[in-house]
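Have a look at protein_2.cif below; it lists mmCIF, C-alpha atoms.
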data_entry
#
loop_
_atom_site.group_PDB
_atom_site.id
_atom_site.type_symbol
_atom_site.label_atom_id
_atom_site.label_comp_id
_atom_site.auth_asym_id
_atom_site.auth_seq_id
_atom_site.Cartn_x
_atom_site.Cartn_y
_atom_site.Cartn_z
ATOM 1 C CA MET A 181 -7.170 -91.027 11.354
ATOM 2 C CA ALA A 182 -5.666 -88.272 13.462
ATOM 3 C CA ASP A 183 -3.544 -90.852 15.300
ATOM 4 C CA VAL A 184 -1.900 -92.139 12.127
ATOM 5 C CA TYR A 185 -1.827 -88.965 10.043
ATOM 6 C CA GLU A 186 1.652 -87.474 9.687
ATOM 7 C CA SER A 187 1.545 -83.898 8.524
ATOM 8 C CA VAL A 188 4.030 -82.437 6.133
ATOM 9 C CA LEU A 189 4.696 -79.821 8.773
ATOM 10 C CA ALA A 190 5.830 -82.489 11.235
ATOM 11 C CA LEU A 191 7.940 -84.146 8.560
ATOM 12 C CA SER A 192 9.574 -80.835 7.702
ATOM 13 C CA LYS A 193 11.001 -80.657 11.207
ATOM 14 C CA SER A 194 12.628 -84.099 11.007
ATOM 15 C CA GLY A 195 15.506 -82.927 8.817
ATOM 16 C CA LYS A 196 14.926 -85.635 6.210
ATOM 17 C CA VAL A 197 12.093 -86.644 3.910
ATOM 18 C CA PRO A 198 10.762 -90.124 4.850
ATOM 19 C CA PRO A 199 11.102 -92.788 2.132
ATOM 20 C CA ASP A 200 7.354 -92.843 1.408
ATOM 21 C CA PHE A 201 7.549 -89.195 0.325
ATOM 22 C CA VAL A 202 10.648 -89.531 -1.857
ATOM 23 C CA ARG A 203 9.826 -89.557 -5.577
ATOM 24 C CA LEU A 204 11.347 -91.980 -8.036
ATOM 25 C CA ALA A 205 14.626 -90.653 -9.403
ATOM 26 C CA GLN A 206 13.119 -89.728 -12.787
ATOM 27 C CA ASP A 207 10.280 -87.829 -11.079
ATOM 28 C CA GLN A 208 12.336 -85.867 -8.597
ATOM 29 C CA PRO A 209 12.344 -82.123 -9.264
ATOM 30 C CA GLY A 210 16.050 -81.805 -8.530
ATOM 31 C CA PRO A 211 17.729 -78.503 -7.713
ATOM 32 C CA ASN A 212 17.675 -76.913 -11.192
ATOM 33 C CA ASN A 213 15.747 -78.805 -13.829
ATOM 34 C CA ALA A 214 13.108 -76.242 -14.809
ATOM 35 C CA PHE A 215 13.234 -73.428 -17.352
ATOM 36 C CA ARG A 216 12.186 -69.801 -17.229
ATOM 37 C CA GLY A 217 12.384 -66.835 -19.563
ATOM 38 C CA ASP A 218 10.425 -67.246 -22.773
ATOM 39 C CA SER A 219 8.605 -70.272 -21.360
ATOM 40 C CA ALA A 220 6.654 -68.178 -18.840
ATOM 41 C CA PRO A 221 2.893 -68.051 -19.453
ATOM 42 C CA PRO A 222 1.550 -64.775 -20.844
ATOM 43 C CA VAL A 223 0.261 -62.145 -18.473
ATOM 44 C CA ILE A 224 -3.034 -60.865 -19.874
ATOM 45 C CA ASP A 225 -4.459 -57.490 -18.909
ATOM 46 C CA MET A 226 -8.219 -57.969 -18.660
ATOM 47 C CA SER A 227 -8.811 -54.250 -19.101
ATOM 48 C CA ARG A 228 -7.978 -54.676 -22.803
ATOM 49 C CA PRO A 229 -10.865 -54.587 -25.297
ATOM 50 C CA ARG A 230 -12.843 -57.834 -25.329
ATOM 51 C CA PRO A 231 -11.841 -59.129 -28.791
ATOM 52 C CA GLU A 232 -8.164 -58.538 -28.089
ATOM 53 C CA CYS A 233 -8.347 -60.092 -24.638
ATOM 54 C CA GLY A 234 -10.218 -63.132 -25.941
ATOM 55 C CA ALA A 235 -7.692 -63.667 -28.728
ATOM 56 C CA LEU A 236 -4.793 -63.546 -26.260
ATOM 57 C CA MET A 237 -6.480 -66.061 -23.956
ATOM 58 C CA ALA A 238 -7.305 -68.368 -26.852
ATOM 59 C CA ASP A 239 -3.707 -68.321 -28.072
ATOM 60 C CA ALA A 240 -2.410 -69.032 -24.571
ATOM 61 C CA THR A 241 -4.788 -71.930 -23.975
ATOM 62 C CA ARG A 242 -3.980 -73.543 -27.309
ATOM 63 C CA GLU A 243 -0.260 -73.161 -26.753
ATOM 64 C CA ARG A 244 0.103 -73.704 -22.996
ATOM 65 C CA GLY A 245 -3.233 -74.339 -21.307
ATOM 66 C CA LEU A 246 -2.358 -71.638 -18.781
ATOM 67 C CA PHE A 247 -2.203 -67.873 -18.545
ATOM 68 C CA GLN A 248 -2.059 -65.214 -15.837
ATOM 69 C CA VAL A 249 -4.505 -62.328 -15.537
ATOM 70 C CA VAL A 250 -4.142 -58.853 -14.050
ATOM 71 C CA ASN A 251 -6.667 -56.014 -13.798
ATOM 72 C CA HIS A 252 -9.201 -58.781 -13.272
ATOM 73 C CA GLY A 253 -11.598 -56.872 -11.040
ATOM 74 C CA VAL A 254 -10.968 -58.776 -7.811
ATOM 75 C CA PRO A 255 -10.178 -56.089 -5.201
ATOM 76 C CA ALA A 256 -6.729 -56.395 -3.655
ATOM 77 C CA ALA A 257 -8.243 -55.882 -0.202
ATOM 78 C CA ALA A 258 -10.531 -58.915 -0.600
ATOM 79 C CA VAL A 259 -7.382 -60.993 -1.087
ATOM 80 C CA SER A 260 -4.629 -59.494 1.052
ATOM 81 C CA GLU A 261 -6.766 -58.157 3.905
ATOM 82 C CA GLU A 262 -9.467 -60.841 4.097
ATOM 83 C CA LEU A 263 -8.964 -64.187 2.311
ATOM 84 C CA GLN A 264 -5.245 -64.745 2.828
ATOM 85 C CA PRO A 265 -5.107 -63.656 6.486
ATOM 86 C CA VAL A 266 -7.873 -66.053 7.556
ATOM 87 C CA GLY A 267 -6.241 -68.861 5.544
ATOM 88 C CA ARG A 268 -2.898 -68.298 7.231
ATOM 89 C CA ALA A 269 -4.614 -68.041 10.602
ATOM 90 C CA PHE A 270 -6.364 -71.367 10.059
ATOM 91 C CA PHE A 271 -3.102 -73.178 9.464
ATOM 92 C CA SER A 272 -1.617 -71.522 12.542
ATOM 93 C CA LEU A 273 -4.275 -73.076 14.787
ATOM 94 C CA PRO A 274 -3.374 -75.951 17.103
ATOM 95 C CA ARG A 275 -3.550 -79.288 15.317
ATOM 96 C CA GLN A 276 -6.628 -80.486 17.197
ATOM 97 C CA GLU A 277 -8.635 -77.514 15.905
ATOM 98 C CA LYS A 278 -7.895 -78.175 12.250
ATOM 99 C CA GLN A 279 -9.955 -80.522 10.090
ATOM 100 C CA GLU A 280 -6.888 -81.443 8.024
ATOM 101 C CA GLU A 281 -3.230 -80.690 8.422
ATOM 102 C CA ASP A 282 -1.970 -79.411 5.104
ATOM 103 C CA TYR A 283 -4.983 -78.678 2.957
ATOM 104 C CA LEU A 284 -8.565 -77.531 3.279
ATOM 105 C CA PHE A 285 -11.405 -77.602 0.792
ATOM 106 C CA HIS A 286 -15.132 -76.953 0.699
ATOM 107 C CA TYR A 287 -17.776 -75.855 -1.801
ATOM 108 C CA VAL A 288 -18.618 -72.170 -1.935
ATOM 109 C CA ALA A 289 -21.244 -72.121 -4.734
ATOM 110 C CA PRO A 290 -24.021 -72.634 -5.636
ATOM 111 C CA PRO A 291 -25.952 -72.567 -2.338
ATOM 112 C CA ALA A 292 -27.420 -76.041 -2.927
ATOM 113 C CA VAL A 293 -23.998 -77.709 -2.559
ATOM 114 C CA VAL A 294 -22.603 -75.540 0.238
ATOM 115 C CA ASN A 295 -22.373 -77.160 3.676
ATOM 116 C CA HIS A 296 -21.283 -74.569 6.219
ATOM 117 C CA ASP A 297 -21.117 -77.264 8.912
ATOM 118 C CA ILE A 298 -17.767 -78.407 7.515
ATOM 119 C CA TRP A 299 -16.339 -74.898 7.127
ATOM 120 C CA PRO A 300 -13.848 -73.855 9.819
ATOM 121 C CA LYS A 301 -15.425 -72.074 12.760
ATOM 122 C CA ASN A 302 -12.073 -70.483 13.546
ATOM 123 C CA PRO A 303 -10.547 -68.077 12.839
ATOM 124 C CA ALA A 304 -13.208 -65.411 13.184
ATOM 125 C CA GLY A 305 -14.257 -63.975 9.854
ATOM 126 C CA TYR A 306 -13.369 -67.080 7.835
ATOM 127 C CA ARG A 307 -16.859 -67.542 6.402
ATOM 128 C CA GLU A 308 -17.364 -63.884 5.561
ATOM 129 C CA ALA A 309 -13.985 -63.599 3.821
ATOM 130 C CA ASN A 310 -14.572 -66.708 1.710
ATOM 131 C CA GLU A 311 -18.116 -65.762 0.747
ATOM 132 C CA GLU A 312 -16.988 -62.323 -0.358
ATOM 133 C CA TYR A 313 -14.084 -63.795 -2.332
ATOM 134 C CA CYS A 314 -16.451 -66.293 -3.963
ATOM 135 C CA ARG A 315 -18.629 -63.479 -5.309
ATOM 136 C CA HIS A 316 -15.604 -61.900 -6.953
ATOM 137 C CA ILE A 317 -14.457 -65.227 -8.415
ATOM 138 C CA GLN A 318 -17.923 -65.888 -9.825
ATOM 139 C CA ARG A 319 -17.776 -62.553 -11.617
ATOM 140 C CA LEU A 320 -14.241 -63.271 -12.862
ATOM 141 C CA THR A 321 -15.345 -66.703 -14.090
ATOM 142 C CA ARG A 322 -18.141 -65.152 -16.152
ATOM 143 C CA GLY A 323 -15.639 -62.823 -17.789
ATOM 144 C CA LEU A 324 -13.175 -65.621 -18.490
ATOM 145 C CA PHE A 325 -15.868 -67.812 -20.031
ATOM 146 C CA GLN A 326 -16.990 -64.987 -22.303
ATOM 147 C CA HIS A 327 -13.452 -64.371 -23.529
ATOM 148 C CA LEU A 328 -12.770 -68.071 -24.004
ATOM 149 C CA SER A 329 -16.064 -68.547 -25.870
ATOM 150 C CA LEU A 330 -15.221 -65.762 -28.278
ATOM 151 C CA GLY A 331 -11.770 -67.275 -28.722
ATOM 152 C CA LEU A 332 -13.446 -70.420 -30.072
ATOM 153 C CA GLY A 333 -15.598 -68.447 -32.479
ATOM 154 C CA LEU A 334 -18.728 -68.997 -30.371
ATOM 155 C CA GLU A 335 -21.184 -66.504 -28.931
ATOM 156 C CA LYS A 336 -19.892 -64.982 -25.708
ATOM 157 C CA ASP A 337 -22.385 -66.855 -23.503
ATOM 158 C CA ALA A 338 -22.026 -70.209 -25.263
ATOM 159 C CA MET A 339 -19.493 -71.671 -22.852
ATOM 160 C CA SER A 340 -21.413 -70.728 -19.743
ATOM 161 C CA GLU A 341 -24.605 -72.194 -21.219
ATOM 162 C CA ALA A 342 -22.815 -75.393 -22.231
ATOM 163 C CA PHE A 343 -21.647 -75.881 -18.642
ATOM 164 C CA GLY A 344 -25.094 -75.420 -17.137
ATOM 165 C CA GLY A 345 -25.352 -71.635 -16.784
ATOM 166 C CA ASP A 346 -23.739 -69.141 -14.440
ATOM 167 C CA ASP A 347 -26.067 -69.961 -11.539
ATOM 168 C CA GLN A 348 -25.297 -73.693 -11.716
ATOM 169 C CA LEU A 349 -21.502 -73.597 -11.954
ATOM 170 C CA VAL A 350 -19.941 -75.298 -8.943
ATOM 171 C CA LEU A 351 -17.027 -73.618 -7.167
ATOM 172 C CA LEU A 352 -14.796 -75.740 -4.949
ATOM 173 C CA GLN A 353 -12.468 -73.626 -2.820
ATOM 174 C CA ASN A 354 -9.193 -75.160 -1.717
ATOM 175 C CA ILE A 355 -6.250 -74.000 0.373
ATOM 176 C CA ASN A 356 -2.911 -75.749 -0.033
ATOM 177 C CA PHE A 357 -0.297 -75.382 2.678
ATOM 178 C CA TYR A 358 3.288 -76.381 1.913
ATOM 179 C CA PRO A 359 5.600 -75.782 4.884
ATOM 180 C CA PRO A 360 9.392 -75.744 4.516
ATOM 181 C CA CYS A 361 10.829 -79.089 3.436
ATOM 182 C CA PRO A 362 14.341 -80.289 4.360
ATOM 183 C CA GLN A 363 14.908 -81.933 0.956
ATOM 184 C CA PRO A 364 12.819 -80.163 -1.687
ATOM 185 C CA GLU A 365 14.866 -81.680 -4.494
ATOM 186 C CA VAL A 366 13.529 -85.222 -3.871
ATOM 187 C CA THR A 367 9.816 -84.633 -3.321
ATOM 188 C CA LEU A 368 6.838 -82.586 -4.504
ATOM 189 C CA GLY A 369 3.974 -80.756 -2.871
ATOM 190 C CA VAL A 370 1.589 -82.098 -5.532
ATOM 191 C CA GLY A 371 2.579 -84.516 -8.290
ATOM 192 C CA PRO A 372 1.990 -84.078 -12.034
ATOM 193 C CA HIS A 373 -1.672 -83.909 -13.034
ATOM 194 C CA THR A 374 -4.288 -82.091 -15.061
ATOM 195 C CA ASP A 375 -7.310 -80.695 -13.252
ATOM 196 C CA LEU A 376 -10.525 -82.583 -13.927
ATOM 197 C CA CYS A 377 -12.715 -79.453 -13.734
ATOM 198 C CA VAL A 378 -13.444 -76.776 -16.357
ATOM 199 C CA VAL A 379 -10.907 -74.176 -15.262
ATOM 200 C CA THR A 380 -8.932 -73.524 -12.093
ATOM 201 C CA ILE A 381 -8.384 -69.978 -10.850
ATOM 202 C CA LEU A 382 -5.375 -70.085 -8.561
ATOM 203 C CA LEU A 383 -4.205 -67.399 -6.181
ATOM 204 C CA PRO A 384 -0.635 -68.036 -4.934
ATOM 205 C CA ASN A 385 1.371 -66.389 -2.225
ATOM 206 C CA ASP A 386 4.749 -64.936 -3.190
ATOM 207 C CA VAL A 387 6.719 -68.181 -2.786
ATOM 208 C CA GLU A 388 7.158 -69.755 -6.204
ATOM 209 C CA GLY A 389 6.759 -73.476 -6.781
ATOM 210 C CA LEU A 390 4.228 -73.990 -9.577
ATOM 211 C CA GLN A 391 5.577 -75.739 -12.679
ATOM 212 C CA VAL A 392 3.942 -76.666 -15.989
ATOM 213 C CA PHE A 393 4.980 -79.316 -18.496
ATOM 214 C CA LYS A 394 5.597 -78.173 -22.050
ATOM 215 C CA ASP A 395 7.787 -79.423 -24.909
ATOM 216 C CA GLY A 396 9.055 -82.313 -22.817
ATOM 217 C CA ARG A 397 10.288 -80.134 -19.946
ATOM 218 C CA TRP A 398 9.074 -78.617 -16.706
ATOM 219 C CA HIS A 399 8.876 -74.832 -16.657
ATOM 220 C CA ASP A 400 8.669 -72.562 -13.632
ATOM 221 C CA VAL A 401 5.686 -70.227 -13.444
ATOM 222 C CA PRO A 402 6.932 -66.895 -12.067
ATOM 223 C CA HIS A 403 5.038 -65.047 -9.385
ATOM 224 C CA VAL A 404 3.304 -61.920 -10.681
ATOM 225 C CA PRO A 405 1.951 -59.651 -7.915
ATOM 226 C CA GLU A 406 -1.863 -59.496 -7.782
ATOM 227 C CA ALA A 407 -2.199 -61.919 -10.709
ATOM 228 C CA PHE A 408 -4.283 -65.086 -10.874
ATOM 229 C CA ASN A 409 -3.077 -68.228 -12.631
ATOM 230 C CA VAL A 410 -5.838 -69.620 -14.865
ATOM 231 C CA PHE A 411 -5.518 -73.320 -15.740
ATOM 232 C CA MET A 412 -7.486 -75.114 -18.400
ATOM 233 C CA GLY A 413 -8.979 -78.364 -17.088
ATOM 234 C CA ASP A 414 -10.182 -81.599 -18.654
ATOM 235 C CA GLN A 415 -13.759 -80.427 -19.193
ATOM 236 C CA ILE A 416 -12.859 -77.367 -21.257
ATOM 237 C CA GLU A 417 -10.539 -79.504 -23.372
ATOM 238 C CA THR A 418 -13.481 -81.810 -24.062
ATOM 239 C CA LEU A 419 -15.972 -79.009 -24.750
ATOM 240 C CA SER A 420 -13.542 -77.284 -27.124
ATOM 241 C CA ASN A 421 -12.961 -80.571 -28.964
ATOM 242 C CA GLY A 422 -9.283 -80.388 -28.117
ATOM 243 C CA ARG A 423 -8.665 -76.803 -29.216
ATOM 244 C CA TYR A 424 -8.004 -75.754 -25.642
ATOM 245 C CA LYS A 425 -5.536 -77.947 -23.776
ATOM 246 C CA ALA A 426 -5.707 -79.058 -20.168
ATOM 247 C CA VAL A 427 -2.327 -78.193 -18.679
ATOM 248 C CA MET A 428 -0.123 -80.734 -16.911
ATOM 249 C CA HIS A 429 1.295 -79.136 -13.790
ATOM 250 C CA ARG A 430 2.867 -79.900 -10.433
ATOM 251 C CA SER A 431 3.928 -78.070 -7.279
ATOM 252 C CA ARG A 432 7.343 -77.885 -5.672
ATOM 253 C CA VAL A 433 8.134 -77.150 -2.048
ATOM 254 C CA HIS A 434 10.722 -74.759 -0.604
ATOM 255 C CA LYS A 435 13.503 -75.508 1.844
ATOM 256 C CA GLU A 436 13.083 -72.384 3.950
ATOM 257 C CA LYS A 437 9.727 -70.798 3.167
ATOM 258 C CA THR A 438 6.074 -71.757 3.494
ATOM 259 C CA ARG A 439 4.196 -71.805 0.221
ATOM 260 C CA MET A 440 0.412 -71.416 0.142
ATOM 261 C CA SER A 441 -2.098 -71.293 -2.673
ATOM 262 C CA TRP A 442 -5.847 -70.786 -2.961
ATOM 263 C CA PRO A 443 -7.142 -72.625 -6.060
ATOM 264 C CA THR A 444 -10.815 -72.372 -6.953
ATOM 265 C CA PHE A 445 -11.968 -75.293 -9.094
ATOM 266 C CA VAL A 446 -14.820 -74.327 -11.422
ATOM 267 C CA GLU A 447 -16.904 -77.424 -12.128
ATOM 268 C CA PRO A 448 -20.053 -78.190 -14.118
ATOM 269 C CA PRO A 449 -23.062 -79.632 -12.283
ATOM 270 C CA ARG A 450 -22.578 -83.277 -11.347
ATOM 271 C CA GLU A 451 -25.328 -84.577 -13.635
ATOM 272 C CA LEU A 452 -24.281 -82.550 -16.673
ATOM 273 C CA VAL A 453 -23.080 -84.558 -19.668
ATOM 274 C CA VAL A 454 -19.953 -82.929 -21.103
ATOM 275 C CA GLY A 455 -18.954 -83.492 -24.731
ATOM 276 C CA PRO A 456 -17.608 -81.416 -27.622
ATOM 277 C CA HIS A 457 -19.686 -78.345 -28.418
ATOM 278 C CA GLN A 458 -21.785 -79.100 -31.484
ATOM 279 C CA GLN A 459 -20.556 -76.003 -33.306
ATOM 280 C CA LEU A 460 -16.968 -77.212 -32.959
ATOM 281 C CA VAL A 461 -17.586 -80.614 -34.544
ATOM 282 C CA THR A 462 -17.345 -80.561 -38.344
ATOM 283 C CA ASP A 463 -16.275 -82.818 -41.188
ATOM 284 C CA ASP A 464 -12.837 -81.232 -40.989
ATOM 285 C CA SER A 465 -12.776 -81.444 -37.201
ATOM 286 C CA PRO A 466 -14.641 -84.584 -36.098
ATOM 287 C CA ALA A 467 -15.385 -85.230 -32.433
ATOM 288 C CA LYS A 468 -12.238 -86.259 -30.564
ATOM 289 C CA TYR A 469 -14.167 -87.287 -27.466
ATOM 290 C CA LYS A 470 -16.741 -89.818 -28.589
ATOM 291 C CA GLN A 471 -17.979 -90.944 -25.167
ATOM 292 C CA PRO A 472 -19.462 -87.911 -23.403
ATOM 293 C CA ARG A 473 -19.984 -88.600 -19.708
ATOM 294 C CA LYS A 474 -21.783 -87.053 -16.812
ATOM 295 C CA TYR A 475 -19.294 -84.987 -14.882
ATOM 296 C CA LYS A 476 -19.805 -87.051 -11.726
ATOM 297 C CA ASP A 477 -18.905 -90.220 -13.648
ATOM 298 C CA TYR A 478 -15.819 -88.657 -15.217
ATOM 299 C CA LYS A 479 -14.697 -87.404 -11.809
ATOM 300 C CA TYR A 480 -15.208 -90.814 -10.206
ATOM 301 C CA ARG A 481 -13.272 -92.618 -12.918
ATOM 302 C CA LYS A 482 -10.328 -90.226 -12.889
ATOM 303 C CA ILE A 483 -10.023 -90.100 -9.105
ATOM 304 C CA ASN A 484 -10.115 -93.893 -8.955
ATOM 305 C CA LEU A 485 -7.645 -94.277 -11.845
ATOM 306 C CA LEU A 486 -10.136 -96.014 -14.105
ATOM 307 C CA ARG A 487 -9.922 -95.909 -17.878
ATOM 308 C CA LEU A 488 -11.498 -92.739 -19.263
#

Structure encoded using structure tokens:
Amino acid sequence: MADVYESVLALSKSGKVPPDFVRLAQDQPGPNNAFRGDSAPPVIDMSRPRPECGALMADATRERGLFQVVNHGVPAAAVSEELQPVGRAFFSLPRQEKQEEDYLFHYVAPPAVVNHDIWPKNPAGYREANEEYCRHIQRLTRGLFQHLSLGLGLEKDAMSEAFGGDDQLVLLQNINFYPPCPQPEVTLGVGPHTDLCVVTILLPNDVEGLQVFKDGRWHDVPHVPEAFNVFMGDQIETLSNGRYKAVMHRSRVHKEKTRMSWPTFVEPPRELVVGPHQQLVTDDSPAKYKQPRKYKDYKYRKINLLRL
């Protein structure tokens, strides 16, 4: 595979995007086709009182499927002095030392699904930085689930319990690396999609490129220092019986700057059957998702483009 794999980094040095990477004309991001201003997702201060914070998150997820959080309890040092430096260092390694060229992913929780054999051995400190970051993200996830549960009118622990419990939630850590691209107007870092997990907690660097689809248009998501982007995924849309919306999003690349992001995908256990929460199914709001599936089956069908 290494002999035939062409990295985006190598392509970026060619001066032109190869035809296989050029999007169809209607899918190309173009130079200026996204909107800002009032379309930006809300920035929610998690130090607010719980009922207020939950209401703001619920409104954002119903309206956009995405919000940003600040004062979230993840120490700045765990990000800027530990996680991000080892991520940047990994992608600075010689090609032969890297498992993949432009992305990296591995499970970080729970222990039963973690395989340290596939984690990078270099740079030094990679494992320690990611394990420490994982502990903070687990705590943040618990807080988010409590707020989002209350926003649905459920007990604060209802969402966590419905997805298997805090100790069984699966965290998949990813690093995306988007080097400079000679023609960013004709291609994308990642194409339009919704995430198949419960929620995604994304840490970006300061190079913007994330866009979300709303009201028939693509909207830029501005960078907010020390904020996390929180995406609703397919599983929370199902559990909420459609009250919370999975957000369609994509990623652009930059002509001169390297963009990186660290998304953590929060998943239910593979064998868990996910369907609408029973308290959210009523005569006035019948079940919208009538074929609950094990998460592993849903994931397989979506990845392989099978009918859901």

Might you pull out every residue within 8 Å of Ala238 of chain A, with all atoms listed in the file counted and same-chain residues fewer than 5 positions away left off, and present them as a list of chain:residue names? A:Leu328, A:Gly331, A:Leu332, A:Tyr424

Atom pair atom CA of Lys470 of chain A / atom CA of Ser340 of chain A: separation (Å):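 Calculated distance between atom CA of Lys470 of chain A and atom CA of Ser340 of chain A is 21.6 Å.
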
Please expand the PyMOL selection byres ((chain A and resi 360) around 7) into the concrete residues it hits in this file, giving the result as a VMD selection string. chain A and resid 192 358 to 359 361 to 362 433 to 438

Keeping only C-alpha atoms, write those residues as a short mmCIF file (atom, residue, chain, number, x, y, z; two decimals), keeping the file's coordinate frame.
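Final output, out-v7.cif:
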data_model
loop_
_atom_site.label_atom_id
_atom_site.label_comp_id
_atom_site.auth_asym_id
_atom_site.auth_seq_id
_atom_site.Cartn_x
_atom_site.Cartn_y
_atom_site.Cartn_z
CA SER A 192 9.57 -80.83 7.70
CA TYR A 358 3.29 -76.38 1.91
CA PRO A 359 5.60 -75.78 4.88
CA CYS A 361 10.83 -79.09 3.44
CA PRO A 362 14.34 -80.29 4.36
CA VAL A 433 8.13 -77.15 -2.05
CA HIS A 434 10.72 -74.76 -0.60
CA LYS A 435 13.50 -75.51 1.84
CA GLU A 436 13.08 -72.38 3.95
CA LYS A 437 9.73 -70.80 3.17
CA THR A 438 6.07 -71.76 3.49
#

Could you name the residues that touch segment 410-417 of chain A at 7 Å or less, counting only C-alpha atoms, but leaving out those on the same chain fewer than 6 positions away, as a ChimeraX atom specification? /A:241,245-248,374-382,423-427,454

For the file shown, what are the residues hit by the PyMOL selection byres ((chain A and resi 298-302) around 9), laid out as a ChimeraX atom specification? /A:266,269-270,273,277-279,285-286,295-297,303-307

Residues at most 6 Å from Lys474 of chain A, counting all atoms listed in the file, excluding those fewer than 4 positions away in the same chain, as a ChimeraX atom specification? /A:451-453

One residue among A:His373, A:Pro449, A:Pro402, A:Val350 is nearest to Ile483 of chain A when using all atoms listed in the file, and that residue is A:His373
